[in-house]
Each structure stands twice: as structure tokens, then as C-alpha cells.
file run.cif (mmCIF, C-alpha atoms and all ligand atoms)
data_data
loop_
_atom_site.label_atom_id
_atom_site.label_comp_id
_atom_site.auth_asym_id
_atom_site.auth_seq_id
_atom_site.Cartn_x
_atom_site.Cartn_y
_atom_site.Cartn_z
CA MET Q 1 17.77 -21.20 -17.24
CA GLU Q 2 20.78 -19.10 -16.35
CA THR Q 3 22.13 -19.16 -12.82
CA VAL Q 4 20.04 -17.18 -10.36
CA THR Q 5 21.21 -16.01 -6.95
CA GLY Q 6 19.48 -14.71 -3.87
CA HIS Q 7 19.91 -13.90 -0.21
CA PHE Q 8 17.91 -15.32 2.65
CA GLY Q 9 15.71 -12.53 3.93
CA SER Q 10 17.06 -11.89 7.38
CA VAL Q 11 20.51 -10.68 8.28
CA ALA Q 12 22.58 -12.02 11.16
CA PRO Q 13 24.01 -9.85 13.91
CA GLY Q 14 26.96 -8.05 12.37
CA GLY Q 15 25.20 -7.68 9.04
CA ARG Q 16 26.09 -11.05 7.58
CA SER Q 17 23.59 -12.64 5.21
CA VAL Q 18 23.45 -16.04 3.55
CA ILE Q 19 23.74 -16.25 -0.22
CA TRP Q 20 22.40 -19.08 -2.37
CA ALA Q 21 22.36 -19.81 -6.10
CA ALA Q 22 20.47 -22.13 -8.42
CA THR Q 23 22.18 -23.11 -11.64
CA GLY Q 24 20.36 -24.08 -14.81
CA ARG Q 25 21.50 -25.55 -18.07
CA PHE Q 26 22.86 -22.45 -19.77
CA GLY Q 27 26.08 -20.50 -19.36
CA GLY Q 28 28.65 -23.30 -19.16
CA HIS Q 29 31.37 -25.10 -21.08
CA SER Q 30 30.19 -28.70 -21.55
CA LEU Q 31 29.39 -30.25 -24.91
CA PRO Q 32 26.29 -32.33 -25.74
CA PRO Q 33 24.76 -34.25 -24.08
CA PHE Q 34 26.04 -32.37 -21.02
CA ASP Q 35 25.58 -28.88 -22.44
CA GLU Q 36 26.18 -26.51 -20.98
CA LEU Q 37 26.60 -25.98 -17.25
CA ASN Q 38 26.93 -29.55 -16.00
CA LEU Q 39 28.31 -29.65 -12.44
CA ALA Q 40 28.53 -33.44 -11.98
CA ASP Q 41 31.75 -35.40 -12.41
CA TYR Q 42 30.02 -38.82 -12.36
CA VAL Q 43 27.91 -38.61 -15.53
CA GLY Q 44 30.64 -39.08 -18.16
CA ASP Q 45 31.45 -35.44 -18.90
CA GLU Q 46 35.03 -34.23 -19.45
CA PRO Q 47 36.54 -33.40 -16.03
CA GLY Q 48 38.16 -30.19 -17.28
CA ARG Q 49 34.84 -28.83 -18.51
CA VAL Q 50 33.11 -29.83 -15.28
CA GLN Q 51 35.77 -27.96 -13.33
CA ARG Q 52 35.31 -24.83 -15.45
CA ASN Q 53 31.55 -25.09 -14.93
CA ARG Q 54 32.05 -25.39 -11.20
CA GLN Q 55 34.15 -22.26 -11.36
CA VAL Q 56 31.21 -20.45 -13.00
CA ALA Q 57 28.80 -21.75 -10.37
CA ALA Q 58 31.14 -20.96 -7.47
CA ALA Q 59 31.67 -17.42 -8.72
CA SER Q 60 27.92 -16.82 -8.50
CA ILE Q 61 28.24 -17.04 -4.70
CA GLY Q 62 31.62 -15.33 -4.52
CA LEU Q 63 33.75 -18.48 -4.19
CA THR Q 64 36.10 -20.58 -6.31
CA ALA Q 65 35.55 -24.19 -7.41
CA ASN Q 66 37.98 -25.39 -4.74
CA ASP Q 67 35.68 -23.98 -2.04
CA LEU Q 68 32.77 -26.16 -3.12
CA VAL Q 69 31.76 -29.37 -1.38
CA LEU Q 70 29.63 -31.58 -3.59
CA MET Q 71 27.78 -34.82 -3.09
CA GLN Q 72 27.26 -37.86 -5.21
CA GLY Q 73 23.95 -38.83 -3.69
CA VAL Q 74 22.90 -42.36 -2.93
CA HIS Q 75 19.23 -41.65 -2.15
CA GLY Q 76 19.66 -42.23 1.55
CA ALA Q 77 19.39 -40.06 4.64
CA HIS Q 78 23.05 -39.78 5.65
CA VAL Q 79 24.04 -36.23 6.66
CA VAL Q 80 27.64 -35.00 6.75
CA VAL Q 81 28.80 -32.05 8.86
CA VAL Q 82 31.35 -30.12 6.78
CA GLU Q 83 34.15 -28.51 8.73
CA GLN Q 84 37.06 -26.37 7.64
CA GLY Q 85 39.24 -28.30 5.24
CA SER Q 86 37.09 -31.44 5.20
CA PRO Q 87 39.22 -33.71 3.04
CA GLY Q 88 38.08 -35.89 0.23
CA LEU Q 89 34.50 -34.75 0.17
CA PRO Q 90 34.04 -33.30 -3.33
CA GLY Q 91 32.19 -35.84 -5.42
CA ALA Q 92 32.51 -38.57 -2.82
CA PRO Q 93 29.57 -40.94 -2.85
CA GLY Q 94 27.55 -42.00 0.11
CA PHE Q 95 25.55 -39.08 1.40
CA ASP Q 96 22.70 -36.81 0.36
CA ALA Q 97 22.90 -33.90 2.78
CA LEU Q 98 25.59 -31.49 3.92
CA VAL Q 99 25.40 -29.03 6.80
CA THR Q 100 27.95 -26.55 8.10
CA LYS Q 101 28.63 -23.57 10.32
CA THR Q 102 31.88 -22.82 8.48
CA PRO Q 103 32.04 -19.55 6.50
CA GLY Q 104 33.51 -19.66 3.01
CA VAL Q 105 32.48 -23.22 2.22
CA GLY Q 106 30.01 -23.68 -0.64
CA LEU Q 107 27.63 -26.58 -0.08
CA VAL Q 108 26.21 -27.98 -3.33
CA ALA Q 109 23.26 -30.26 -4.02
CA LEU Q 110 23.12 -31.62 -7.57
CA ALA Q 111 20.01 -32.91 -9.32
CA ALA Q 112 18.34 -33.55 -12.64
CA ASP Q 113 14.70 -34.30 -11.68
CA CYS Q 114 15.31 -34.96 -7.98
CA VAL Q 115 14.82 -32.02 -5.61
CA PRO Q 116 17.81 -29.87 -4.60
CA ILE Q 117 17.20 -27.87 -1.42
CA VAL Q 118 19.20 -25.25 0.46
CA LEU Q 119 18.49 -24.50 4.11
CA ALA Q 120 19.58 -21.67 6.38
CA ASP Q 121 19.18 -20.26 9.84
CA VAL Q 122 20.77 -16.90 9.15
CA ALA Q 123 20.65 -15.64 12.73
CA ASN Q 124 22.50 -18.69 14.05
CA GLN Q 125 24.68 -19.09 10.93
CA VAL Q 126 23.87 -22.71 10.13
CA ILE Q 127 23.26 -23.86 6.55
CA GLY Q 128 22.53 -27.04 4.68
CA ALA Q 129 22.15 -28.51 1.19
CA VAL Q 130 20.07 -31.60 0.45
CA HIS Q 131 19.51 -33.87 -2.54
CA CYS Q 132 16.10 -35.58 -2.32
CA GLY Q 133 14.38 -37.95 -4.70
CA TRP Q 134 11.52 -40.29 -3.89
CA ARG Q 135 13.81 -42.63 -1.97
CA GLY Q 136 15.23 -39.73 0.03
CA LEU Q 137 11.70 -38.53 0.73
CA ALA Q 138 10.82 -41.98 2.08
CA ALA Q 139 14.09 -42.22 4.01
CA GLY Q 140 13.62 -38.78 5.57
CA VAL Q 141 16.76 -37.05 4.37
CA VAL Q 142 15.17 -33.62 4.80
CA PRO Q 143 14.17 -34.16 8.46
CA ALA Q 144 17.59 -35.73 9.06
CA ALA Q 145 19.35 -32.63 7.71
CA LEU Q 146 17.14 -30.38 9.82
CA ALA Q 147 17.88 -32.45 12.93
CA GLN Q 148 21.61 -32.07 12.30
CA MET Q 149 21.21 -28.33 11.76
CA HIS Q 150 19.34 -28.03 15.06
CA GLU Q 151 22.19 -29.91 16.75
CA LEU Q 152 24.52 -27.22 15.41
CA GLY Q 153 22.34 -24.51 16.90
CA ALA Q 154 19.76 -23.77 14.25
CA GLU Q 155 16.34 -22.60 15.39
CA GLN Q 156 14.14 -21.04 12.69
CA VAL Q 157 15.17 -22.51 9.34
CA HIS Q 158 14.28 -21.11 5.94
CA ALA Q 159 14.52 -23.10 2.69
CA VAL Q 160 14.74 -22.55 -1.03
CA ILE Q 161 13.58 -25.55 -3.05
CA GLY Q 162 15.06 -25.88 -6.52
CA PRO Q 163 13.29 -27.04 -9.68
CA SER Q 164 12.41 -30.73 -9.94
CA ILE Q 165 10.25 -32.97 -12.10
CA CYS Q 166 6.51 -32.37 -11.92
CA PRO Q 167 4.07 -35.24 -11.24
CA ASN Q 168 2.69 -35.14 -14.78
CA CYS Q 169 6.18 -35.99 -16.04
CA TYR Q 170 6.84 -38.58 -13.35
CA PRO Q 171 4.50 -41.56 -13.69
CA VAL Q 172 5.72 -44.57 -11.74
CA PRO Q 173 4.56 -48.15 -11.10
CA PRO Q 174 1.78 -48.34 -8.48
CA HIS Q 175 3.95 -50.45 -6.18
CA ARG Q 176 6.40 -47.56 -5.90
CA VAL Q 177 3.63 -45.24 -4.76
CA LEU Q 178 2.54 -47.82 -2.20
CA GLU Q 179 6.14 -48.13 -1.01
CA LEU Q 180 6.43 -44.38 -0.67
CA THR Q 181 3.08 -43.77 1.00
CA GLY Q 182 3.77 -46.63 3.41
CA ALA Q 183 6.92 -44.88 4.58
CA LEU Q 184 5.48 -41.39 5.05
CA PRO Q 185 3.11 -39.63 7.44
CA ALA Q 186 -0.34 -39.18 5.87
CA SER Q 187 0.04 -35.46 5.21
CA VAL Q 188 3.34 -35.91 3.40
CA ALA Q 189 2.05 -38.94 1.48
CA ALA Q 190 -0.99 -37.01 0.28
CA ALA Q 191 1.23 -34.23 -1.01
CA ALA Q 192 3.74 -36.55 -2.66
CA CYS Q 193 1.15 -38.78 -4.32
CA PRO Q 194 -1.58 -36.31 -5.22
CA LYS Q 195 -3.57 -38.49 -7.60
CA PHE Q 196 -3.33 -41.61 -5.51
CA ALA Q 197 -4.56 -40.87 -2.01
CA GLY Q 198 -7.93 -42.39 -1.20
CA VAL Q 199 -8.26 -44.17 -4.52
CA GLU Q 200 -8.27 -47.90 -5.14
CA PRO Q 201 -4.80 -48.80 -6.43
CA GLU Q 202 -6.05 -50.20 -9.74
CA LEU Q 203 -7.90 -46.96 -10.46
CA ALA Q 204 -5.20 -44.58 -9.34
CA VAL Q 205 -2.83 -42.65 -11.53
CA ALA Q 206 0.50 -43.56 -10.01
CA CYS Q 207 2.74 -40.53 -10.08
CA ILE Q 208 4.98 -38.87 -7.55
CA ASP Q 209 5.42 -35.19 -6.74
CA VAL Q 210 8.65 -35.23 -4.74
CA GLY Q 211 8.77 -31.43 -4.58
CA ALA Q 212 5.35 -31.28 -2.93
CA GLY Q 213 6.41 -34.02 -0.55
CA VAL Q 214 9.49 -32.03 0.41
CA ARG Q 215 7.37 -28.94 0.98
CA ALA Q 216 5.07 -30.97 3.26
CA GLN Q 217 8.04 -32.36 5.21
CA LEU Q 218 9.50 -28.88 5.62
CA ALA Q 219 6.14 -27.47 6.72
CA GLU Q 220 5.79 -30.24 9.33
CA SER Q 221 9.18 -29.21 10.67
CA GLY Q 222 8.24 -25.54 10.85
CA VAL Q 223 10.52 -24.48 7.99
CA ILE Q 224 9.51 -21.49 5.89
CA ALA Q 225 10.13 -22.45 2.25
CA VAL Q 226 9.94 -20.92 -1.19
CA THR Q 227 10.06 -22.96 -4.39
CA LEU Q 228 11.75 -21.94 -7.63
CA ALA Q 229 9.36 -22.44 -10.54
CA GLY Q 230 9.83 -24.93 -13.31
CA CYS Q 231 9.61 -28.64 -14.10
CA THR Q 232 12.97 -30.10 -15.11
CA ALA Q 233 11.41 -32.33 -17.79
CA HIS Q 234 9.21 -29.54 -19.17
CA SER Q 235 12.00 -26.98 -19.37
CA ASN Q 236 14.72 -27.07 -22.02
CA GLY Q 237 16.68 -24.79 -19.72
CA LEU Q 238 17.11 -27.52 -17.13
CA PHE Q 239 18.75 -30.95 -17.11
CA SER Q 240 16.29 -33.86 -16.88
CA TYR Q 241 17.47 -37.44 -16.49
CA ARG Q 242 13.96 -38.77 -17.09
CA ARG Q 243 13.70 -36.84 -20.36
CA ASP Q 244 17.23 -37.21 -21.71
CA GLY Q 245 18.91 -40.17 -20.02
CA GLN Q 246 22.61 -39.32 -20.23
CA THR Q 247 22.78 -35.64 -19.32
CA GLY Q 248 24.25 -33.16 -16.86
CA ARG Q 249 23.22 -31.99 -13.41
CA GLN Q 250 22.20 -28.55 -12.22
CA GLY Q 251 22.79 -27.52 -8.66
CA MET Q 252 21.83 -25.41 -5.73
CA LEU Q 253 24.66 -23.77 -3.81
CA ILE Q 254 24.75 -22.05 -0.46
CA ARG Q 255 27.42 -20.42 1.69
CA LEU Q 256 27.90 -18.46 4.85
ZN ZN Q 301 6.65 -31.67 -16.03
#
call {"tool": "encode", "arguments": {"input": "run.cif", "output": "C-alpha cells"}}
result
Amino acid sequence: METVTGHFGSVAPGGRSVIWAATGRFGGHSLPPFDELNLADYVGDEPGRVQRNRQVAAASIGLTANDLVLMQGVHGAHVVVVEQGSPGLPGAPGFDALVTKTPGVGLVALAADCVPIVLADVANQVIGAVHCGWRGLAAGVVPAALAQMHELGAEQVHAVIGPSICPNCYPVPPHRVLELTGALPASVAAAACPKFAGVEPELAVACIDVGAGVRAQLAESGVIAVTLAGCTAHSNGLFSYRRDGQTGRQGMLIRL
């Protein structure tokens, strides 16, 4: 997949819109096993190539690599509010969601099977980027990001959900499904564990659909979401940690 870009539908007073992009595997500078457009600096890739790739990704939303704020997620629910000149954030570990009202800052969520999400209230000029795997789903990182956006003045939020691993490619031990379903409201659990709900554990196929769980969480919060097609493990055009082990990360970017 080459990088795709889009605008959130509505336009703010004054004609401003919000631009987002989703990067894939193609169109970058990294060598195997990180080929080509790896955006992560914590997977063992050459830093110079990662920086050039970030330049490619940043250009897709009209920015430079130095304008990007990235996360090294820890599968929690910690949200950071990015302000002008936030120091030391690129690549810093410890959080899985970024929100901002600052124009010209590119928020980036990286993933390779987990779910990258971008969020926007265009009218109120509040945006967010979230990295969510099964732990983040259980921890509520998506509702936490939305709560922080609402604190910054967001009202009606729209979302674009990036490609993630499909449940057929993501079998897990039954205890993990029990752990996840035990942490989630019933509607979200049913979406995230589609072949498990209502079935005796020993008969169930234990798999997780994190993307569907995210969609259910967003719907419960009144967010209008669209999902980009594709399973990371099924698609050679996307990075998949489950499929390849050591590999790169694609990303979703958003800016005001
Ligand atoms: Zn799949």
C-alpha cells in the first residue's frame, strides 16, 4: 500500500479542514526486513533511513519530519496533550494517545497489527492519534483520548481507523479472550471476540478483532468512524509483526 491521504468531511469556520494520511509499506527508503516505509525508530532500522521515511510521510500532510510527534506505545491508556514545541516527545515511550489543538503539529500513531486511529472535531479544531492493541482496548485508551479531546473543547468527533490484523489471523489463548471480555462492556466484548461470545470456553475459537472492538468503543462514544480496508497480515503491502516478527511500522498521521 502506498500512502493515502484524506480530509475530514466538514470544514471549520474560516475554511480550515483537517488532513490525515495512512502510510503503507511501499514508497520508502528502508532495507529488508524494514522495507520500505518504516516509520519506527525502535525496531532496529537505520536511523537515517527512518528519518528519510518520516520526511516522506510528513510531506503527505504538508509538513516536515521535525513537525511530527510520534509515540512508542506501551499498550496503556495514557494520553498526552501536545502543545507548541513539546520537547522530547518524538519516539518517547510511555503513552499511546496524543491530542492537540495546535496547528502545524503532525500527530502520528504507529502500528503493525495493532489499530492506528486518527480523531478530529474539525469545527472545534481538536485532533487526536491513538495506538490500540488488545491491551489498549481493555485499558480504554480510545475513550481516554476522546475524554481528553472533549476537555479541549471537542464535541462531535469523527474517526478514521487504519488497517489492523483481522481475527482470522489473530488466534490467541482462551485466557486472553477471557481477560479482554472481562474488562469490556458486553457490546464491545462481543465485537472484539466475535467467535467467543456465548460459547463455552473449551468450544470457542479464541481470536480477537481489535478493529471491531475499537469501532464498538467509538460507536458507544458517539463517534462517526470509517475504516480503511485491509488486514495487515493478509496484505504484503502492510507491515505485520505477527506475520514477520522483526519488521517496520506503518502509521496514521493527522494535523490541523
Ligand atoms: Zn487477516
call {"tool": "residues_near_ligand", "arguments": {"input": "run.cif", "ligand": "ligand ZN 301 (chain Q)", "cutoff": "6 Å", "atoms": "all atoms listed in the file", "output": "PyMOL selection string"}}
result
chain Q and resi 165-166+168-169+231+233-234
call {"tool": "residues_around", "arguments": {"input": "run.cif", "residues": "Gln217 (chain Q)", "least_positions_apart": "3", "cutoff": "8 Å", "atoms": "only C-alpha atoms", "output": "number ranges by chain"}}
result
Q: 142-143, 188, 213-214, 220-221
call {"tool": "write_last_selection", "arguments": {"input": "run.cif", "atoms": "C-alpha atoms", "output": "mmCIF file, in the coordinates of the input"}}
result
data_model
loop_
_atom_site.group_PDB
_atom_site.id
_atom_site.type_symbol
_atom_site.label_atom_id
_atom_site.label_comp_id
_atom_site.auth_asym_id
_atom_site.auth_seq_id
_atom_site.Cartn_x
_atom_site.Cartn_y
_atom_site.Cartn_z
ATOM 1 C CA VAL Q 142 15.170 -33.620 4.800
ATOM 2 C CA PRO Q 143 14.170 -34.160 8.460
ATOM 3 C CA VAL Q 188 3.340 -35.910 3.400
ATOM 4 C CA GLY Q 213 6.410 -34.020 -0.550
ATOM 5 C CA VAL Q 214 9.490 -32.030 0.410
ATOM 6 C CA GLU Q 220 5.790 -30.240 9.330
ATOM 7 C CA SER Q 221 9.180 -29.210 10.670
#
call {"tool": "residues_around", "arguments": {"input": "run.cif", "residues": "Val226 (chain Q)", "least_positions_apart": "6", "cutoff": "8 Å", "atoms": "all atoms listed in the file", "output": "list of chain:residue names"}}
result
Q:Ala159, Q:Val160, Q:Ile161
call {"tool": "residues_near_point", "arguments": {"input": "run.cif", "point": "(25.1, -22.1, -14.6)", "cutoff": "7 Å", "atoms": "only C-alpha atoms", "output": "MDAnalysis selection string"}}
result
chainID Q and resid 2:3 23:28 37 56:57
call {"tool": "closest_residue", "arguments": {"input": "run.cif", "among": "Q:Gly104, Q:Gly6, Q:Gly133, Q:Pro167", "to": "Ser60 (chain Q)", "atoms": "all atoms listed in the file"}}
result
Q:Gly6
call {"tool": "residues_around", "arguments": {"input": "run.cif", "residues": "Ala58 (chain Q)", "least_positions_apart": "3", "cutoff": "9 Å", "atoms": "all atoms listed in the file", "output": "PyMOL selection string"}}
result
chain Q and resi 21+53-55+61-68+106+253
